[in-house]
file query19.txt (compact mmCIF, C-alpha atoms)
# COMPACT_ATOMS: atom_id res chain seq x y z
CA MET A 4 -36.61 55.73 -60.37
CA SER A 5 -35.28 59.26 -61.01
CA ALA A 6 -31.73 60.24 -60.11
CA LEU A 7 -33.11 62.60 -57.44
CA ALA A 8 -35.19 59.85 -55.88
CA ALA A 9 -32.23 57.50 -55.92
CA GLN A 10 -30.16 60.04 -54.00
CA GLN A 11 -32.80 60.53 -51.30
CA THR A 12 -32.24 58.56 -48.12
CA PHE A 13 -34.82 57.94 -45.47
CA PRO A 14 -34.12 57.06 -41.83
CA PRO A 15 -35.09 53.60 -40.71
CA PRO A 16 -38.17 53.24 -38.47
CA ALA A 17 -36.03 53.02 -35.31
CA ALA A 18 -34.49 56.41 -36.06
CA LEU A 19 -37.94 57.92 -36.61
CA THR A 20 -38.98 56.99 -33.05
CA ALA A 21 -35.69 57.92 -31.40
CA GLN A 22 -36.20 61.71 -31.54
CA PRO A 23 -39.42 61.75 -29.42
CA ASN A 24 -37.70 59.49 -26.89
CA ARG A 25 -34.73 61.85 -26.67
CA SER A 26 -37.07 64.82 -26.23
CA ALA A 27 -38.98 63.05 -23.46
CA ARG A 28 -35.76 62.13 -21.69
CA ALA A 29 -34.47 65.72 -21.95
CA PHE A 30 -37.76 67.05 -20.55
CA ALA A 31 -37.56 64.61 -17.63
CA ARG A 32 -33.95 65.65 -16.97
CA VAL A 33 -34.97 69.31 -16.74
CA VAL A 34 -37.78 68.62 -14.28
CA ARG A 35 -35.59 66.31 -12.21
CA ALA A 36 -32.90 69.02 -12.18
CA LEU A 37 -35.41 71.44 -10.65
CA ALA A 38 -36.25 68.90 -7.96
CA HIS A 39 -32.56 68.13 -7.33
CA LEU A 40 -31.54 71.78 -7.08
CA GLY A 41 -34.29 72.41 -4.53
CA ALA A 42 -38.04 72.39 -5.00
CA ASP A 43 -38.51 75.28 -2.59
CA VAL A 44 -36.31 77.85 -4.38
CA GLU A 45 -36.05 79.36 -7.86
CA HIS A 46 -33.11 78.77 -10.17
CA GLN A 47 -31.42 80.39 -13.17
CA VAL A 48 -31.72 78.66 -16.54
CA ALA A 49 -27.94 78.22 -16.70
CA ASP A 50 -27.92 76.34 -13.38
CA ILE A 51 -30.85 74.15 -14.43
CA ALA A 52 -29.21 73.39 -17.77
CA ARG A 53 -25.93 72.48 -16.08
CA ALA A 54 -27.69 70.13 -13.65
CA ALA A 55 -29.63 68.52 -16.52
CA GLY A 56 -26.57 68.24 -18.80
CA LEU A 57 -28.20 70.33 -21.54
CA ARG A 58 -27.41 73.50 -23.48
CA PRO A 59 -29.05 76.60 -21.91
CA GLY A 60 -31.09 77.29 -25.05
CA HIS A 61 -32.43 73.74 -25.11
CA ALA A 62 -33.19 73.82 -21.38
CA SER A 63 -34.95 77.18 -21.75
CA ARG A 64 -37.34 75.79 -24.39
CA LEU A 65 -38.06 72.73 -22.28
CA LEU A 66 -38.71 74.89 -19.22
CA LEU A 67 -41.34 76.86 -21.11
CA THR A 68 -43.02 73.57 -21.93
CA ALA A 69 -42.75 72.52 -18.28
CA VAL A 70 -44.54 75.74 -17.30
CA GLU A 71 -47.31 75.09 -19.84
CA GLU A 72 -47.75 71.56 -18.46
CA HIS A 73 -47.69 72.80 -14.82
CA PHE A 74 -44.48 70.97 -13.88
CA ALA A 75 -42.65 74.27 -13.36
CA GLU A 76 -43.45 77.92 -12.77
CA HIS A 77 -41.71 81.21 -13.33
CA GLY A 78 -39.72 82.57 -10.39
CA THR A 79 -40.00 86.05 -8.95
CA ARG A 80 -36.77 87.08 -10.68
CA TYR A 81 -36.64 87.39 -14.47
CA GLY A 82 -35.41 84.23 -16.19
CA THR A 83 -35.76 81.96 -13.17
CA TYR A 84 -37.87 78.85 -12.64
CA ARG A 85 -38.88 76.58 -9.78
CA LEU A 86 -40.68 73.27 -9.50
CA ALA A 87 -44.44 73.77 -9.46
CA ARG A 88 -46.14 73.16 -6.13
CA ASP A 89 -48.29 70.33 -7.52
CA ALA A 90 -45.23 68.61 -9.02
CA THR A 91 -43.67 68.10 -5.60
CA ALA A 92 -46.28 65.41 -4.97
CA VAL A 93 -44.98 63.55 -8.05
CA PHE A 94 -41.28 63.84 -7.33
CA GLY A 95 -41.53 63.84 -3.55
CA PRO A 96 -40.30 66.61 -1.30
CA ALA A 97 -36.71 67.71 -1.65
CA ARG A 98 -34.54 66.38 1.17
CA THR A 99 -31.42 68.48 1.27
CA ARG A 100 -30.30 67.49 4.77
CA ALA A 101 -30.11 64.03 6.25
CA SER A 102 -32.56 63.05 8.94
CA THR A 103 -31.49 61.35 12.17
CA PRO A 104 -33.03 58.58 14.29
CA GLU A 105 -33.91 61.24 16.88
CA ILE A 106 -35.88 63.29 14.35
CA THR A 107 -37.63 60.21 12.97
CA HIS A 108 -38.56 59.13 16.50
CA ALA A 109 -39.91 62.59 17.35
CA LEU A 110 -42.08 62.62 14.23
CA HIS A 111 -43.45 59.12 14.83
CA CYS A 112 -44.34 59.97 18.44
CA LEU A 113 -46.10 63.19 17.43
CA HIS A 114 -47.94 61.40 14.63
CA GLN A 115 -49.20 58.78 17.08
CA GLU A 116 -50.37 61.50 19.47
CA THR A 117 -52.16 63.63 16.87
CA SER A 118 -52.84 61.31 13.88
CA LEU A 119 -51.71 64.23 11.69
CA ALA A 120 -48.96 64.61 9.09
CA VAL A 121 -45.77 65.88 10.73
CA ALA A 122 -42.70 67.57 9.28
CA TRP A 123 -39.28 68.76 10.45
CA HIS A 124 -37.60 71.71 8.72
CA GLU A 125 -34.24 73.37 9.35
CA PRO A 126 -33.47 76.97 8.34
CA GLY A 127 -30.54 78.02 6.24
CA TRP A 128 -29.24 80.98 4.27
CA ARG A 129 -27.77 80.52 0.81
CA PRO A 130 -25.98 83.15 -1.31
CA GLY A 131 -28.20 84.02 -4.24
CA THR A 132 -31.47 82.98 -2.59
CA GLY A 133 -31.37 84.17 1.02
CA LEU A 134 -33.36 82.49 3.77
CA HIS A 135 -34.93 79.13 3.03
CA LEU A 136 -36.25 76.12 4.93
CA ASP A 137 -34.89 72.65 4.18
CA LEU A 138 -37.35 69.80 4.59
CA VAL A 139 -35.43 67.17 6.57
CA ASP A 140 -38.14 64.63 7.34
CA LEU A 141 -41.85 64.19 6.64
CA LEU A 142 -44.32 61.60 7.91
CA CYS A 143 -47.53 61.78 5.89
CA ARG A 144 -49.83 58.81 5.37
CA GLU A 145 -52.21 60.58 2.97
CA PRO A 146 -50.80 61.51 -0.47
CA ALA A 147 -53.38 64.28 -0.87
CA LEU A 148 -51.88 66.09 2.13
CA ARG A 149 -48.25 65.60 1.19
CA ALA A 150 -47.62 68.80 -0.78
CA ASP A 151 -49.13 71.05 1.91
CA ALA A 152 -47.48 69.07 4.72
CA ALA A 153 -44.10 69.63 3.06
CA GLN A 154 -44.50 73.41 3.57
CA LEU A 155 -42.44 74.21 0.46
CA HIS A 156 -44.10 77.47 -0.60
CA PRO A 157 -41.36 79.97 -1.66
CA ASP A 158 -43.07 82.76 0.30
CA LEU A 159 -42.19 81.88 3.90
CA ALA A 160 -44.87 84.18 5.24
CA ARG A 161 -47.51 81.90 3.69
CA THR A 162 -46.63 78.75 5.66
CA ALA A 163 -46.74 77.92 9.35
CA ALA A 164 -43.13 76.68 9.33
CA GLY A 165 -41.99 79.79 7.48
CA ARG A 166 -43.73 82.09 9.93
CA ILE A 167 -41.91 80.45 12.82
CA ALA A 168 -38.59 80.99 11.03
CA LEU A 169 -39.34 84.65 10.34
CA VAL A 170 -40.20 85.31 13.99
CA TYR A 171 -37.46 83.31 15.73
CA LEU A 172 -34.45 83.79 13.46
CA PRO A 173 -31.98 86.68 13.91
CA PRO A 174 -32.27 89.54 11.38
CA GLN A 175 -29.11 88.54 9.51
CA MET A 176 -30.76 85.24 8.56
CA ALA A 177 -34.34 86.46 8.14
CA ALA A 178 -33.37 88.27 4.97
CA THR A 179 -33.36 87.95 1.21
CA ALA A 180 -30.22 87.33 -0.82
CA ASP A 181 -29.67 91.09 -1.15
CA GLY A 182 -30.15 91.74 2.56
CA ARG A 183 -33.75 92.96 2.58
CA PRO A 184 -35.46 91.96 5.85
CA LEU A 185 -38.14 89.29 5.85
CA ARG A 186 -40.47 89.88 8.77
CA LEU A 187 -44.11 89.28 9.62
CA PRO A 188 -46.48 92.13 10.47
CA GLU A 189 -45.96 93.06 14.10
CA PRO A 190 -49.39 91.93 15.40
CA LEU A 191 -48.97 88.49 13.80
CA ALA A 192 -45.37 88.19 15.01
CA ARG A 193 -46.49 89.05 18.54
CA THR A 194 -49.23 86.40 18.41
CA VAL A 195 -46.72 83.78 17.27
CA THR A 196 -44.25 84.77 19.99
CA ASP A 197 -46.88 84.74 22.74
CA SER A 198 -48.27 81.32 21.82
CA ARG A 199 -45.14 79.74 20.31
CA ILE A 200 -47.50 78.56 17.57
CA ALA A 201 -47.88 79.70 13.96
CA ALA A 202 -50.85 78.66 11.83
CA SER A 203 -51.53 78.60 8.11
CA ARG A 204 -54.51 77.45 6.03
CA SER A 205 -55.15 76.43 2.47
CA ALA A 206 -58.39 75.36 0.83
CA SER A 207 -57.83 71.75 1.85
CA THR A 208 -55.41 71.76 4.81
CA HIS A 209 -54.60 73.45 8.09
CA SER A 210 -51.09 73.52 9.62
CA LEU A 211 -49.61 74.44 12.98
CA ALA A 212 -45.88 74.93 13.60
CA THR A 213 -43.70 75.57 16.63
CA PRO A 214 -39.99 76.31 17.16
CA VAL A 215 -37.43 73.70 18.18
CA GLN A 216 -34.73 75.55 20.09
CA ARG A 217 -31.43 74.99 21.84
CA GLY A 218 -31.41 77.77 24.40
CA THR A 219 -32.67 80.78 22.44
CA THR A 220 -31.38 79.52 19.08
CA LEU A 221 -33.88 78.21 16.53
CA VAL A 222 -32.57 74.91 15.14
CA ALA A 223 -35.74 73.61 13.46
CA THR A 224 -39.48 73.97 13.05
CA LEU A 225 -41.91 71.17 13.85
CA THR A 226 -45.22 71.14 11.97
CA VAL A 227 -48.50 69.21 12.02
CA THR A 228 -50.88 69.29 9.06
CA GLY A 229 -54.37 67.92 8.60
CA THR A 230 -57.69 68.56 6.92
CA PRO A 231 -59.98 71.41 8.04
CA ALA A 232 -62.11 68.81 9.83
CA ASP A 233 -59.09 67.93 12.00
CA PHE A 234 -59.06 71.53 13.26
CA ALA A 235 -62.79 72.28 13.38
CA ASP A 236 -63.06 71.96 17.17
CA PRO A 237 -61.20 74.76 19.05
CA LEU A 238 -60.46 72.39 21.93
CA THR A 239 -58.87 69.93 19.51
CA VAL A 240 -56.76 72.73 18.03
CA GLN A 241 -55.55 73.61 21.53
CA GLU A 242 -54.71 69.96 22.17
CA HIS A 243 -52.73 69.76 18.90
CA ALA A 244 -50.84 72.91 19.90
CA VAL A 245 -50.00 71.52 23.36
CA LEU A 246 -48.76 68.22 21.93
CA LEU A 247 -46.75 70.08 19.28
CA ARG A 248 -45.01 72.29 21.83
CA ARG A 249 -44.25 69.31 24.08
CA ALA A 250 -42.76 67.36 21.17
CA ALA A 251 -40.58 70.33 20.20
CA ALA A 252 -39.38 70.73 23.79
CA ARG A 253 -38.40 67.04 23.96
CA ALA A 254 -36.64 67.28 20.59
CA GLY A 255 -34.78 70.43 21.62
CA LEU A 256 -33.41 68.69 24.70
CA SER A 257 -32.37 65.53 22.85
CA ARG A 258 -30.85 66.99 19.68
CA SER A 259 -28.13 69.55 19.17
CA GLY A 260 -28.60 71.53 15.97
CA ASP A 261 -26.71 74.23 14.15
CA LEU A 262 -27.70 76.93 11.70
CA ARG A 263 -25.62 76.22 8.66
CA GLN A 264 -24.91 78.69 5.88
CA THR A 265 -24.92 76.58 2.74
CA ALA A 266 -23.09 77.52 -0.40
call {"tool": "encode", "arguments": {"input": "query19.txt", "output": "structure tokens"}}
result
Amino acid sequence: MSALAAQQTFPPPAALTAQPNRSARAFARVVRALAHLGADVEHQVADIARAAGLRPGHASRLLLTAVEEHFAEHGTRYGTYRLARDATAVFGPARTRASTPEITHALHCLHQETSLAVAWHEPGWRPGTGLHLDLVDLLCREPALRADAAQLHPDLARTAAGRIALVYLPPQMAATADGRPLRLPEPLARTVTDSRIAASRSASTHSLATPVQRGTTLVATLTVTGTPADFADPLTVQEHAVLLRRAAARAGLSRSGDLRQTA
């Protein structure tokens, strides 16, 4: 054996397999950090890295991989990321506020009446992100509907729950982080106000939402979601809307809510 060969050292087999395991764990920590920080909003790399316990450079490389593998997607602001819509079905919807027995009861009653997925969201305004909706509780028996029922699209104007928030919230809350107003086109806003119902559709689901109010203050949105077949009959759609409004009225009388500004 040459002197050079004698000086060479090789890692044992266990060490050879440790690096991939560390990489996989770091990748999982980054994706979990996105879910923990809030699946419905975008986040800076530094914040994601801090939540994952990683260096920003390391987190940035892993985030690019997460985008390639469809676990994450680029935010609207440069250098930001958010959990991909499809990934919310894997990690479950983000629950940033605790539910209550009253909310759970309201959702179970509405589910029994409609046989649809039901969700309760509460609006908030956070420095750095502006208006957002927090998913508080979700009752969905079909996994294929869960992502759409969660109503977590970052563009509030695209979801039924978001449209309710944009119409019923005061201007100081219906705004972006830098104060730009977030409003629906006037004809759509008028339709929502007149019917107290907002609708949204995707390729596979249809959702209706209505406001839950204490007096004139919006404290939550209540949403039902189903397949297009569940909304094919106009009379059935009207029935869903009636049941949804009644459930929201009962919930508004039984629960006191507040609009919290979260830091």
call {"tool": "atom_distance", "arguments": {"input": "query19.txt", "atom1": "CA of Val34 in chain A", "atom2": "CA of Ala54 in chain A"}}
result
10.2 Å
call {"tool": "closest_residue", "arguments": {"input": "query19.txt", "among": "A:Ala201, A:Leu136, A:Ala49, A:Leu191", "to": "Ala62 in chain A", "atoms": "only C-alpha atoms"}}
result
A:Ala49
call {"tool": "residues_around", "arguments": {"input": "query19.txt", "residues": "Arg35 in chain A", "least_positions_apart": "4", "cutoff": "9 Å", "atoms": "only C-alpha atoms", "output": "PyMOL selection string"}}
result
chain A and resi 30-31+39-40+54-55+94
call {"tool": "write_last_selection", "arguments": {"input": "query19.txt", "atoms": "C-alpha atoms", "output": "PDB file, in the frame of the given file"}}
result
ATOM      1  CA  PHE A  30     -37.760  67.050 -20.550  1.00  0.00           C
ATOM      2  CA  ALA A  31     -37.560  64.610 -17.630  1.00  0.00           C
ATOM      3  CA  HIS A  39     -32.560  68.130  -7.330  1.00  0.00           C
ATOM      4  CA  LEU A  40     -31.540  71.780  -7.080  1.00  0.00           C
ATOM      5  CA  ALA A  54     -27.690  70.130 -13.650  1.00  0.00           C
ATOM      6  CA  ALA A  55     -29.630  68.520 -16.520  1.00  0.00           C
ATOM      7  CA  PHE A  94     -41.280  63.840  -7.330  1.00  0.00           C
TER       8      PHE A  94
END
call {"tool": "residues_around", "arguments": {"input": "query19.txt", "residues": "Val33 in chain A", "least_positions_apart": "5", "cutoff": "9 Å", "atoms": "all atoms listed in the file", "output": "ChimeraX atom specification"}}
result
/A:28,38,51-52,54-57,62,65-66,69
call {"tool": "atom_distance", "arguments": {"input": "query19.txt", "atom1": "CA of Ala150 in chain A", "atom2": "CA of Ser118 in chain A"}}
result
17.3 Å
call {"tool": "residues_around", "arguments": {"input": "query19.txt", "residues": "Ser205 in chain A", "least_positions_apart": "4", "cutoff": "12 Å", "atoms": "only C-alpha atoms", "output": "ChimeraX atom specification"}}
result
/A:148,150-152,154,156,161-163,209-210,228-231
call {"tool": "write_last_selection", "arguments": {"input": "query19.txt", "atoms": "C-alpha atoms", "output": "short mmCIF file (atom, residue, chain, number, x, y, z; two decimals), in the coordinates of the input"}}
result
data_model
loop_
_atom_site.label_atom_id
_atom_site.label_comp_id
_atom_site.auth_asym_id
_atom_site.auth_seq_id
_atom_site.Cartn_x
_atom_site.Cartn_y
_atom_site.Cartn_z
CA LEU A 148 -51.88 66.09 2.13
CA ALA A 150 -47.62 68.80 -0.78
CA ASP A 151 -49.13 71.05 1.91
CA ALA A 152 -47.48 69.07 4.72
CA GLN A 154 -44.50 73.41 3.57
CA HIS A 156 -44.10 77.47 -0.60
CA ARG A 161 -47.51 81.90 3.69
CA THR A 162 -46.63 78.75 5.66
CA ALA A 163 -46.74 77.92 9.35
CA HIS A 209 -54.60 73.45 8.09
CA SER A 210 -51.09 73.52 9.62
CA THR A 228 -50.88 69.29 9.06
CA GLY A 229 -54.37 67.92 8.60
CA THR A 230 -57.69 68.56 6.92
CA PRO A 231 -59.98 71.41 8.04
#
call {"tool": "build_atoms", "arguments": {"input": "query19.txt", "residues": "range 200-211 of chain A", "atoms": "all heavy atoms", "output": "PDB file, in the frame of the given file"}}
result
ATOM      1  N   ILE A 200     -46.803  79.308  18.622  1.00  0.00           N
ATOM      2  CA  ILE A 200     -47.500  78.560  17.570  1.00  0.00           C
ATOM      3  C   ILE A 200     -47.778  79.490  16.398  1.00  0.00           C
ATOM      4  O   ILE A 200     -48.219  80.623  16.585  1.00  0.00           O
ATOM      5  CB  ILE A 200     -48.841  77.989  18.080  1.00  0.00           C
ATOM      6  CG1 ILE A 200     -48.604  76.885  19.104  1.00  0.00           C
ATOM      7  CG2 ILE A 200     -49.681  77.447  16.907  1.00  0.00           C
ATOM      8  CD1 ILE A 200     -48.019  75.595  18.538  1.00  0.00           C
ATOM      9  N   ALA A 201     -47.494  79.005  15.188  1.00  0.00           N
ATOM     10  CA  ALA A 201     -47.880  79.700  13.960  1.00  0.00           C
ATOM     11  C   ALA A 201     -48.862  78.809  13.201  1.00  0.00           C
ATOM     12  O   ALA A 201     -48.708  77.584  13.200  1.00  0.00           O
ATOM     13  CB  ALA A 201     -46.673  80.015  13.088  1.00  0.00           C
ATOM     14  N   ALA A 202     -49.844  79.414  12.573  1.00  0.00           N
ATOM     15  CA  ALA A 202     -50.850  78.660  11.830  1.00  0.00           C
ATOM     16  C   ALA A 202     -50.904  79.133  10.391  1.00  0.00           C
ATOM     17  O   ALA A 202     -50.586  80.288  10.089  1.00  0.00           O
ATOM     18  CB  ALA A 202     -52.224  78.811  12.485  1.00  0.00           C
ATOM     19  N   SER A 203     -51.276  78.236   9.500  1.00  0.00           N
ATOM     20  CA  SER A 203     -51.530  78.600   8.110  1.00  0.00           C
ATOM     21  C   SER A 203     -52.629  77.694   7.579  1.00  0.00           C
ATOM     22  O   SER A 203     -52.802  76.566   8.041  1.00  0.00           O
ATOM     23  CB  SER A 203     -50.266  78.465   7.247  1.00  0.00           C
ATOM     24  OG  SER A 203     -49.824  77.122   7.199  1.00  0.00           O
ATOM     25  N   ARG A 204     -53.377  78.201   6.603  1.00  0.00           N
ATOM     26  CA  ARG A 204     -54.510  77.450   6.030  1.00  0.00           C
ATOM     27  C   ARG A 204     -54.462  77.517   4.524  1.00  0.00           C
ATOM     28  O   ARG A 204     -54.053  78.519   3.946  1.00  0.00           O
ATOM     29  CB  ARG A 204     -55.841  78.027   6.521  1.00  0.00           C
ATOM     30  CG  ARG A 204     -56.092  77.897   8.012  1.00  0.00           C
ATOM     31  CD  ARG A 204     -57.415  78.582   8.381  1.00  0.00           C
ATOM     32  NE  ARG A 204     -57.746  78.406   9.774  1.00  0.00           N
ATOM     33  CZ  ARG A 204     -57.292  79.158  10.757  1.00  0.00           C
ATOM     34  NH1 ARG A 204     -56.456  80.168  10.482  1.00  0.00           N
ATOM     35  NH2 ARG A 204     -57.649  78.944  12.012  1.00  0.00           N
ATOM     36  N   SER A 205     -54.881  76.446   3.902  1.00  0.00           N
ATOM     37  CA  SER A 205     -55.150  76.430   2.470  1.00  0.00           C
ATOM     38  C   SER A 205     -56.593  75.963   2.297  1.00  0.00           C
ATOM     39  O   SER A 205     -57.310  75.756   3.282  1.00  0.00           O
ATOM     40  CB  SER A 205     -54.183  75.500   1.732  1.00  0.00           C
ATOM     41  OG  SER A 205     -54.480  74.148   2.026  1.00  0.00           O
ATOM     42  N   ALA A 206     -57.016  75.791   1.053  1.00  0.00           N
ATOM     43  CA  ALA A 206     -58.390  75.360   0.830  1.00  0.00           C
ATOM     44  C   ALA A 206     -58.659  73.972   1.383  1.00  0.00           C
ATOM     45  O   ALA A 206     -59.795  73.653   1.757  1.00  0.00           O
ATOM     46  CB  ALA A 206     -58.700  75.392  -0.672  1.00  0.00           C
ATOM     47  N   SER A 207     -57.616  73.149   1.463  1.00  0.00           N
ATOM     48  CA  SER A 207     -57.830  71.750   1.850  1.00  0.00           C
ATOM     49  C   SER A 207     -57.095  71.329   3.111  1.00  0.00           C
ATOM     50  O   SER A 207     -57.316  70.222   3.602  1.00  0.00           O
ATOM     51  CB  SER A 207     -57.408  70.828   0.704  1.00  0.00           C
ATOM     52  OG  SER A 207     -56.046  71.062   0.356  1.00  0.00           O
ATOM     53  N   THR A 208     -56.209  72.165   3.645  1.00  0.00           N
ATOM     54  CA  THR A 208     -55.410  71.760   4.810  1.00  0.00           C
ATOM     55  C   THR A 208     -55.269  72.897   5.810  1.00  0.00           C
ATOM     56  O   THR A 208     -55.491  74.070   5.495  1.00  0.00           O
ATOM     57  CB  THR A 208     -54.003  71.295   4.398  1.00  0.00           C
ATOM     58  OG1 THR A 208     -53.339  72.365   3.714  1.00  0.00           O
ATOM     59  CG2 THR A 208     -54.056  70.066   3.522  1.00  0.00           C
ATOM     60  N   HIS A 209     -54.875  72.512   7.011  1.00  0.00           N
ATOM     61  CA  HIS A 209     -54.600  73.450   8.090  1.00  0.00           C
ATOM     62  C   HIS A 209     -53.312  72.966   8.746  1.00  0.00           C
ATOM     63  O   HIS A 209     -53.159  71.771   9.005  1.00  0.00           O
ATOM     64  CB  HIS A 209     -55.762  73.442   9.084  1.00  0.00           C
ATOM     65  CG  HIS A 209     -55.653  74.479  10.167  1.00  0.00           C
ATOM     66  ND1 HIS A 209     -56.726  74.879  10.923  1.00  0.00           N
ATOM     67  CD2 HIS A 209     -54.609  75.204  10.624  1.00  0.00           C
ATOM     68  CE1 HIS A 209     -56.343  75.795  11.799  1.00  0.00           C
ATOM     69  NE2 HIS A 209     -55.066  75.996  11.640  1.00  0.00           N
ATOM     70  N   SER A 210     -52.378  73.890   9.021  1.00  0.00           N
ATOM     71  CA  SER A 210     -51.090  73.520   9.620  1.00  0.00           C
ATOM     72  C   SER A 210     -50.804  74.365  10.847  1.00  0.00           C
ATOM     73  O   SER A 210     -51.172  75.546  10.900  1.00  0.00           O
ATOM     74  CB  SER A 210     -49.941  73.705   8.614  1.00  0.00           C
ATOM     75  OG  SER A 210     -50.075  72.851   7.511  1.00  0.00           O
ATOM     76  N   LEU A 211     -50.138  73.750  11.813  1.00  0.00           N
ATOM     77  CA  LEU A 211     -49.610  74.440  12.980  1.00  0.00           C
ATOM     78  C   LEU A 211     -48.119  74.136  13.062  1.00  0.00           C
ATOM     79  O   LEU A 211     -47.695  73.017  12.780  1.00  0.00           O
ATOM     80  CB  LEU A 211     -50.288  73.970  14.268  1.00  0.00           C
ATOM     81  CG  LEU A 211     -51.799  74.164  14.420  1.00  0.00           C
ATOM     82  CD1 LEU A 211     -52.262  73.571  15.749  1.00  0.00           C
ATOM     83  CD2 LEU A 211     -52.176  75.626  14.323  1.00  0.00           C
TER      84      LEU A 211
END
